[in-house]
Amino acid sequence: MNLVLSGLALSGLMAISLAGQTAAPATGATPPMPAAVAKPDVDASAAAKPTGPLPSADTVLQHYVDVTGGAKAYDAVKTMVGTGKFVMPAQGITGDLTMYSAAPNKSYALIDIQGVGKVEEGSDGTIAWEISPMTGARIKAGDEAAAEIRSAATDIHTNWKKYYKSAEVTGIDDVDGKPAYKVVLTPQSGSSETEWYDKDSGLVLKSAMTVDTPMGKAPVEIAFSDYKKEGDLTIPTKMVQNVAGQQFEIHLEKVDLNAPVPPNRFDIPADIKALQK
């Protein structure tokens, strides 16, 4: 549940990570899942004993909104344009990243990786889709589609109860030496998501979830850092993600809030329309 992930779904990134395990991507073919998928190191966090009653999830989530700009600033965001880099350090793979989002829940992301190709993902708010050298063109369905459309919602922080059935603070864990409230959120559709909020600063430090992909279900863990002020909001500009046993990084170099977006940016591509016939 993070504004900077709007327009940046995980299944395409997972396909890229799987491509990094092979000598060359197989165009038009879906690669198999690795024999052993490393699970996120969520339960390995050393639990810190609470010194008093735990706050409510409402309190923790509202505190995050407050310390990162406030509800008024979030509600004012109607579009977002971000650019940066996609990096797989172990494989020496880098790519250019561009992502767009627009209210209420439209998204588009492009990652252009030399030697691999272009991965595109998006949603017009109703249909979620992906085009990549690893999976070809496909329309997402079920929980996978719901997760992408939900992640693109520009009001997900200030109106989270619209997208999640419940949220509960279940304890305090140590995250990289910082005590953090562990919040478990259950969406209207799909598996629960877990987020860790710094007890002192209120900033989100980590999230963990299970995502549906063409290769099957996969555990994902994302660490958030390098918070910077962009317009009236403070957002993380570095995200280190562990997906399907592979690690990759997203480095946002520029984020423009309420920036102009090309008028046809969220239109369904022709390759996707062809699948609807």
# chains A, B, ... in the order shown; residues from 1 in each chain; ligands from 1
>>> residues_around(residues="Gly125 in chain A", least_positions_apart="2", cutoff="9 Å", atoms="only C-alpha atoms", output="CSV table (one decimal) with C-alpha atoms, in the first residue's frame")
chain,number,residue,atom,x,y,z
A,104,PRO,CA,-8.8,7.3,-9.6
A,105,ASN,CA,-6.9,4.2,-10.4
A,106,LYS,CA,-5.2,4.3,-13.8
A,107,SER,CA,-1.6,3.2,-14.2
A,122,GLY,CA,-0.9,-0.9,-17.0
A,123,SER,CA,-4.5,-0.5,-16.2
A,127,ILE,CA,-8.6,-4.0,-17.3
A,128,ALA,CA,-5.1,-4.8,-16.0
A,149,ILE,CA,-5.9,-1.9,-9.8
A,150,ARG,CA,-5.9,-1.4,-6.1
A,152,ALA,CA,-2.9,2.3,-8.6
A,153,ALA,CA,-5.6,4.0,-6.5
A,266,PHE,CA,-3.7,4.7,-20.3
>>> select_by_dssp(residues="range 150-251 of chain A", states="strand (DSSP E)", output="JSON, numbers by chain")
{"A": [164, 165, 166, 167, 168, 169, 170, 171, 172, 173, 174, 175, 178, 179, 180, 181, 182, 183, 184, 185, 186, 187, 193, 194, 195, 196, 197, 198, 204, 205, 206, 207, 208, 209, 210, 211, 212, 213, 216, 217, 218, 219, 220, 221, 222, 223, 224, 225, 226, 227, 228, 229, 230, 233, 234, 235, 236, 237, 238, 239, 240, 241, 242, 243, 246, 247, 248, 249, 250, 251]}
>>> write_last_selection(atoms="C-alpha atoms", output="short mmCIF file (atom, residue, chain, number, x, y, z; two decimals), in the first residue's frame")
data_model
loop_
_atom_site.label_atom_id
_atom_site.label_comp_id
_atom_site.auth_asym_id
_atom_site.auth_seq_id
_atom_site.Cartn_x
_atom_site.Cartn_y
_atom_site.Cartn_z
CA TYR A 164 -9.12 -3.40 2.67
CA LYS A 165 -11.61 -5.32 4.77
CA SER A 166 -9.49 -5.02 7.88
CA ALA A 167 -6.16 -3.92 9.31
CA GLU A 168 -4.59 -5.00 12.59
CA VAL A 169 -1.41 -4.17 14.48
CA THR A 170 -0.15 -7.59 15.54
CA GLY A 171 3.10 -6.67 17.29
CA ILE A 172 6.40 -4.84 17.18
CA ASP A 173 9.31 -6.26 15.17
CA ASP A 174 12.90 -5.18 14.75
CA VAL A 175 13.51 -3.99 11.18
CA LYS A 178 14.48 -0.08 14.34
CA PRO A 179 11.37 -1.08 16.31
CA ALA A 180 8.43 -1.16 13.91
CA TYR A 181 4.71 -1.76 14.24
CA LYS A 182 3.64 -4.82 12.24
CA VAL A 183 0.37 -4.12 10.44
CA VAL A 184 -1.53 -6.91 8.65
CA LEU A 185 -3.98 -5.66 6.02
CA THR A 186 -6.61 -7.89 4.41
CA PRO A 187 -7.80 -6.64 1.02
CA GLU A 193 -0.35 -7.87 3.08
CA THR A 194 2.00 -7.03 5.95
CA GLU A 195 3.69 -3.69 6.50
CA TRP A 196 6.15 -2.48 9.10
CA TYR A 197 6.02 1.16 10.26
CA ASP A 198 8.90 2.75 12.16
CA VAL A 204 6.95 2.47 6.35
CA LEU A 205 10.16 0.43 6.37
CA LYS A 206 9.10 -2.85 4.76
CA SER A 207 6.20 -4.72 3.25
CA ALA A 208 5.60 -8.39 2.47
CA MET A 209 2.95 -10.13 0.39
CA THR A 210 2.25 -13.04 -1.92
CA VAL A 211 1.60 -12.11 -5.55
CA ASP A 212 -0.12 -14.05 -8.31
CA THR A 213 1.92 -14.29 -11.51
CA GLY A 216 2.46 -19.13 -9.91
CA LYS A 217 2.22 -17.54 -6.49
CA ALA A 218 5.43 -15.94 -5.24
CA PRO A 219 6.44 -14.27 -1.97
CA VAL A 220 7.65 -10.68 -2.23
CA GLU A 221 9.40 -8.46 0.27
CA ILE A 222 10.08 -4.76 -0.30
CA ALA A 223 12.32 -2.50 1.81
CA PHE A 224 11.65 1.25 1.56
CA SER A 225 14.30 3.89 2.18
CA ASP A 226 15.80 7.20 1.01
CA TYR A 227 12.70 9.22 1.79
CA LYS A 228 12.63 12.59 0.02
CA LYS A 229 10.15 15.41 -0.28
CA GLU A 230 8.48 15.59 -3.68
CA LEU A 233 4.64 14.71 -0.01
CA THR A 234 7.55 12.76 1.44
CA ILE A 235 8.05 9.46 -0.40
CA PRO A 236 10.61 6.63 -0.50
CA THR A 237 12.84 6.83 -3.57
CA LYS A 238 14.65 3.51 -3.11
CA MET A 239 12.92 0.14 -2.99
CA VAL A 240 14.87 -3.10 -2.61
CA GLN A 241 12.70 -6.04 -3.60
CA ASN A 242 13.16 -9.76 -3.16
CA VAL A 243 11.05 -11.69 -5.68
CA GLN A 246 16.08 -12.72 -6.88
CA GLN A 247 16.84 -9.23 -5.60
CA PHE A 248 16.34 -6.07 -7.58
CA GLU A 249 16.20 -2.37 -6.82
CA ILE A 250 14.07 0.54 -7.93
CA HIS A 251 15.74 3.96 -7.73
#
>>> atom_distance(atom1="CA of Val261 in chain A", atom2="CA of Pro214 in chain A")
29.7 Å
>>> residues_around(residues="His63 in chain A", least_positions_apart="3", cutoff="10 Å", atoms="only C-alpha atoms", output="MDAnalysis selection string")
chainID A and resid 57:60 66:68 70 197 201:203
>>> write_last_selection(atoms="N, CA and C atoms", output="PDB file, in the first residue's frame")
ATOM      1  N   ALA A  57      -4.587   0.012  14.167  1.00  0.00           N
ATOM      2  CA  ALA A  57      -4.095   0.165  12.801  1.00  0.00           C
ATOM      3  C   ALA A  57      -4.474   1.540  12.255  1.00  0.00           C
ATOM      4  N   ASP A  58      -5.662   2.016  12.598  1.00  0.00           N
ATOM      5  CA  ASP A  58      -6.082   3.358  12.178  1.00  0.00           C
ATOM      6  C   ASP A  58      -5.054   4.406  12.593  1.00  0.00           C
ATOM      7  N   THR A  59      -4.573   4.296  13.832  1.00  0.00           N
ATOM      8  CA  THR A  59      -3.617   5.264  14.369  1.00  0.00           C
ATOM      9  C   THR A  59      -2.306   5.208  13.608  1.00  0.00           C
ATOM     10  N   VAL A  60      -1.801   3.997  13.360  1.00  0.00           N
ATOM     11  CA  VAL A  60      -0.517   3.835  12.674  1.00  0.00           C
ATOM     12  C   VAL A  60      -0.602   4.334  11.235  1.00  0.00           C
ATOM     13  N   ASP A  66       0.102  11.574   8.086  1.00  0.00           N
ATOM     14  CA  ASP A  66       0.440  12.867   8.691  1.00  0.00           C
ATOM     15  C   ASP A  66       1.911  13.223   8.500  1.00  0.00           C
ATOM     16  N   VAL A  67       2.810  12.263   8.736  1.00  0.00           N
ATOM     17  CA  VAL A  67       4.241  12.581   8.688  1.00  0.00           C
ATOM     18  C   VAL A  67       4.769  12.677   7.260  1.00  0.00           C
ATOM     19  N   THR A  68       3.999  12.193   6.297  1.00  0.00           N
ATOM     20  CA  THR A  68       4.462  12.256   4.915  1.00  0.00           C
ATOM     21  C   THR A  68       3.772  13.353   4.105  1.00  0.00           C
ATOM     22  N   GLY A  70       0.252  14.755   4.988  1.00  0.00           N
ATOM     23  CA  GLY A  70      -1.103  15.058   5.422  1.00  0.00           C
ATOM     24  C   GLY A  70      -2.146  14.703   4.380  1.00  0.00           C
ATOM     25  N   TYR A 197       5.901  -0.284  10.142  1.00  0.00           N
ATOM     26  CA  TYR A 197       6.016   1.165  10.258  1.00  0.00           C
ATOM     27  C   TYR A 197       6.940   1.512  11.424  1.00  0.00           C
ATOM     28  N   SER A 201       9.531   7.269  13.677  1.00  0.00           N
ATOM     29  CA  SER A 201       9.288   8.212  12.580  1.00  0.00           C
ATOM     30  C   SER A 201       7.912   8.074  11.955  1.00  0.00           C
ATOM     31  N   GLY A 202       7.299   6.887  12.057  1.00  0.00           N
ATOM     32  CA  GLY A 202       6.023   6.637  11.424  1.00  0.00           C
ATOM     33  C   GLY A 202       6.120   6.224   9.967  1.00  0.00           C
ATOM     34  N   LEU A 203       7.339   6.194   9.414  1.00  0.00           N
ATOM     35  CA  LEU A 203       7.524   5.846   8.003  1.00  0.00           C
ATOM     36  C   LEU A 203       7.469   4.337   7.806  1.00  0.00           C
TER      37      LEU A 203
END
>>> residues_around(residues="Lys118 in chain A", least_positions_apart="3", cutoff="8 Å", atoms="only C-alpha atoms", output="CSV table (one decimal) with all heavy atoms, in the first residue's frame")
chain,number,residue,atom,x,y,z
A,110,LEU,N,6.8,1.3,-17.7
A,110,LEU,CA,7.6,0.8,-18.7
A,110,LEU,C,9.0,0.6,-18.1
A,110,LEU,O,9.6,1.6,-17.6
A,110,LEU,CB,7.7,1.8,-19.9
A,110,LEU,CG,8.8,1.5,-21.0
A,110,LEU,CD1,8.5,0.2,-21.7
A,110,LEU,CD2,8.8,2.7,-22.0
A,111,ILE,N,9.6,-0.6,-18.3
A,111,ILE,CA,11.0,-0.8,-17.9
A,111,ILE,C,11.7,-1.3,-19.2
A,111,ILE,O,11.3,-2.3,-19.8
A,111,ILE,CB,11.1,-1.9,-16.8
A,111,ILE,CG1,10.3,-1.4,-15.6
A,111,ILE,CG2,12.6,-2.1,-16.5
A,111,ILE,CD1,10.3,-2.4,-14.5
A,112,ASP,N,12.7,-0.6,-19.6
A,112,ASP,CA,13.4,-0.9,-20.9
A,112,ASP,C,14.8,-1.4,-20.5
A,112,ASP,O,15.6,-0.6,-20.0
A,112,ASP,CB,13.5,0.4,-21.7
A,112,ASP,CG,14.0,0.1,-23.1
A,112,ASP,OD1,14.4,-1.1,-23.4
A,112,ASP,OD2,14.0,1.0,-24.0
A,113,ILE,N,15.1,-2.7,-20.7
A,113,ILE,CA,16.3,-3.3,-20.2
A,113,ILE,C,17.1,-3.8,-21.4
A,113,ILE,O,16.6,-4.6,-22.2
A,113,ILE,CB,16.0,-4.5,-19.3
A,113,ILE,CG1,15.3,-4.0,-18.1
A,113,ILE,CG2,17.4,-5.1,-18.8
A,113,ILE,CD1,14.9,-5.1,-17.1
A,132,SER,N,5.4,-8.3,-22.2
A,132,SER,CA,6.8,-8.5,-22.0
A,132,SER,C,7.4,-9.6,-22.9
A,132,SER,O,6.7,-10.4,-23.4
A,132,SER,CB,7.1,-8.8,-20.5
A,132,SER,OG,6.8,-10.2,-20.3
A,133,PRO,N,8.7,-9.6,-23.1
A,133,PRO,CA,9.3,-10.6,-23.9
A,133,PRO,C,9.2,-12.0,-23.2
A,133,PRO,O,9.2,-13.0,-23.9
A,133,PRO,CB,10.8,-10.2,-23.9
A,133,PRO,CG,10.8,-8.7,-23.6
A,133,PRO,CD,9.7,-8.5,-22.7
>>> residues_around(residues="Thr79 in chain A", least_positions_apart="3", cutoff="6 Å", atoms="only C-alpha atoms", output="ChimeraX atom specification")
/A:101-102,257-258
>>> write_last_selection(atoms="all heavy atoms", output="CSV table (one decimal), in the first residue's frame")
chain,number,residue,atom,x,y,z
A,101,SER,N,0.7,7.5,-13.2
A,101,SER,CA,-0.6,7.1,-12.6
A,101,SER,C,-1.5,8.3,-12.6
A,101,SER,O,-1.1,9.5,-12.7
A,101,SER,CB,-0.4,6.6,-11.1
A,101,SER,OG,0.1,7.6,-10.3
A,102,ALA,N,-2.8,8.0,-12.6
A,102,ALA,CA,-3.8,9.1,-12.6
A,102,ALA,C,-5.1,8.7,-11.8
A,102,ALA,O,-5.4,7.5,-11.8
A,102,ALA,CB,-4.2,9.5,-14.0
A,257,LEU,N,4.5,15.3,-9.2
A,257,LEU,CA,3.1,15.2,-8.8
A,257,LEU,C,2.2,16.2,-9.5
A,257,LEU,O,2.6,17.3,-9.7
A,257,LEU,CB,2.9,15.4,-7.3
A,257,LEU,CG,3.8,14.4,-6.4
A,257,LEU,CD1,3.5,14.8,-4.9
A,257,LEU,CD2,3.4,13.0,-6.6
A,258,ASN,N,1.1,15.7,-10.0
A,258,ASN,CA,0.2,16.5,-10.8
A,258,ASN,C,0.8,17.0,-12.1
A,258,ASN,O,0.5,18.1,-12.6
A,258,ASN,CB,-0.4,17.7,-10.0
A,258,ASN,CG,-1.3,17.2,-8.9
A,258,ASN,OD1,-2.1,16.3,-9.1
A,258,ASN,ND2,-1.2,17.7,-7.7
>>> closest_residue(among="A:Pro53, A:Gly136, A:Gly95, A:Pro89", to="Glu121 in chain A", atoms="only C-alpha atoms")
A:Gly136
>>> residues_around(residues="Lys273 in chain A", least_positions_apart="6", cutoff="10 Å", atoms="only C-alpha atoms", output="number ranges by chain")
A: 137-139, 267
>>> select_by_dssp(residues="range 98-220 of chain A", states="helix (DSSP H, G or I)", output="number ranges by chain")
A: 142-151, 160-162
>>> write_last_selection(atoms="C-alpha atoms", output="compact mmCIF listing (two decimals), in the first residue's frame")
# COMPACT_ATOMS: atom_id res chain seq x y z
CA GLY A 142 -8.73 -12.48 -10.52
CA ASP A 143 -6.66 -11.46 -7.53
CA GLU A 144 -3.73 -10.41 -9.71
CA ALA A 145 -5.83 -7.87 -11.58
CA ALA A 146 -7.48 -6.66 -8.37
CA ALA A 147 -4.09 -6.12 -6.74
CA GLU A 148 -2.80 -4.02 -9.63
CA ILE A 149 -5.90 -1.86 -9.85
CA ARG A 150 -5.88 -1.43 -6.06
CA SER A 151 -2.20 -0.44 -6.00
CA TRP A 160 -7.70 2.60 2.79
CA LYS A 161 -10.91 1.11 4.20
CA LYS A 162 -12.35 1.24 0.69
>>> atom_distance(atom1="CA of Asp124 in chain A", atom2="CA of Ser189 in chain A")
18.7 Å
>>> closest_residue(among="A:Thr158, A:Ser192, A:Gln114, A:Ser56", to="Ile93 in chain A", atoms="only C-alpha atoms")
A:Gln114
>>> atom_distance(atom1="CA of Asp155 in chain A", atom2="CA of Ala76 in chain A")
9.6 Å
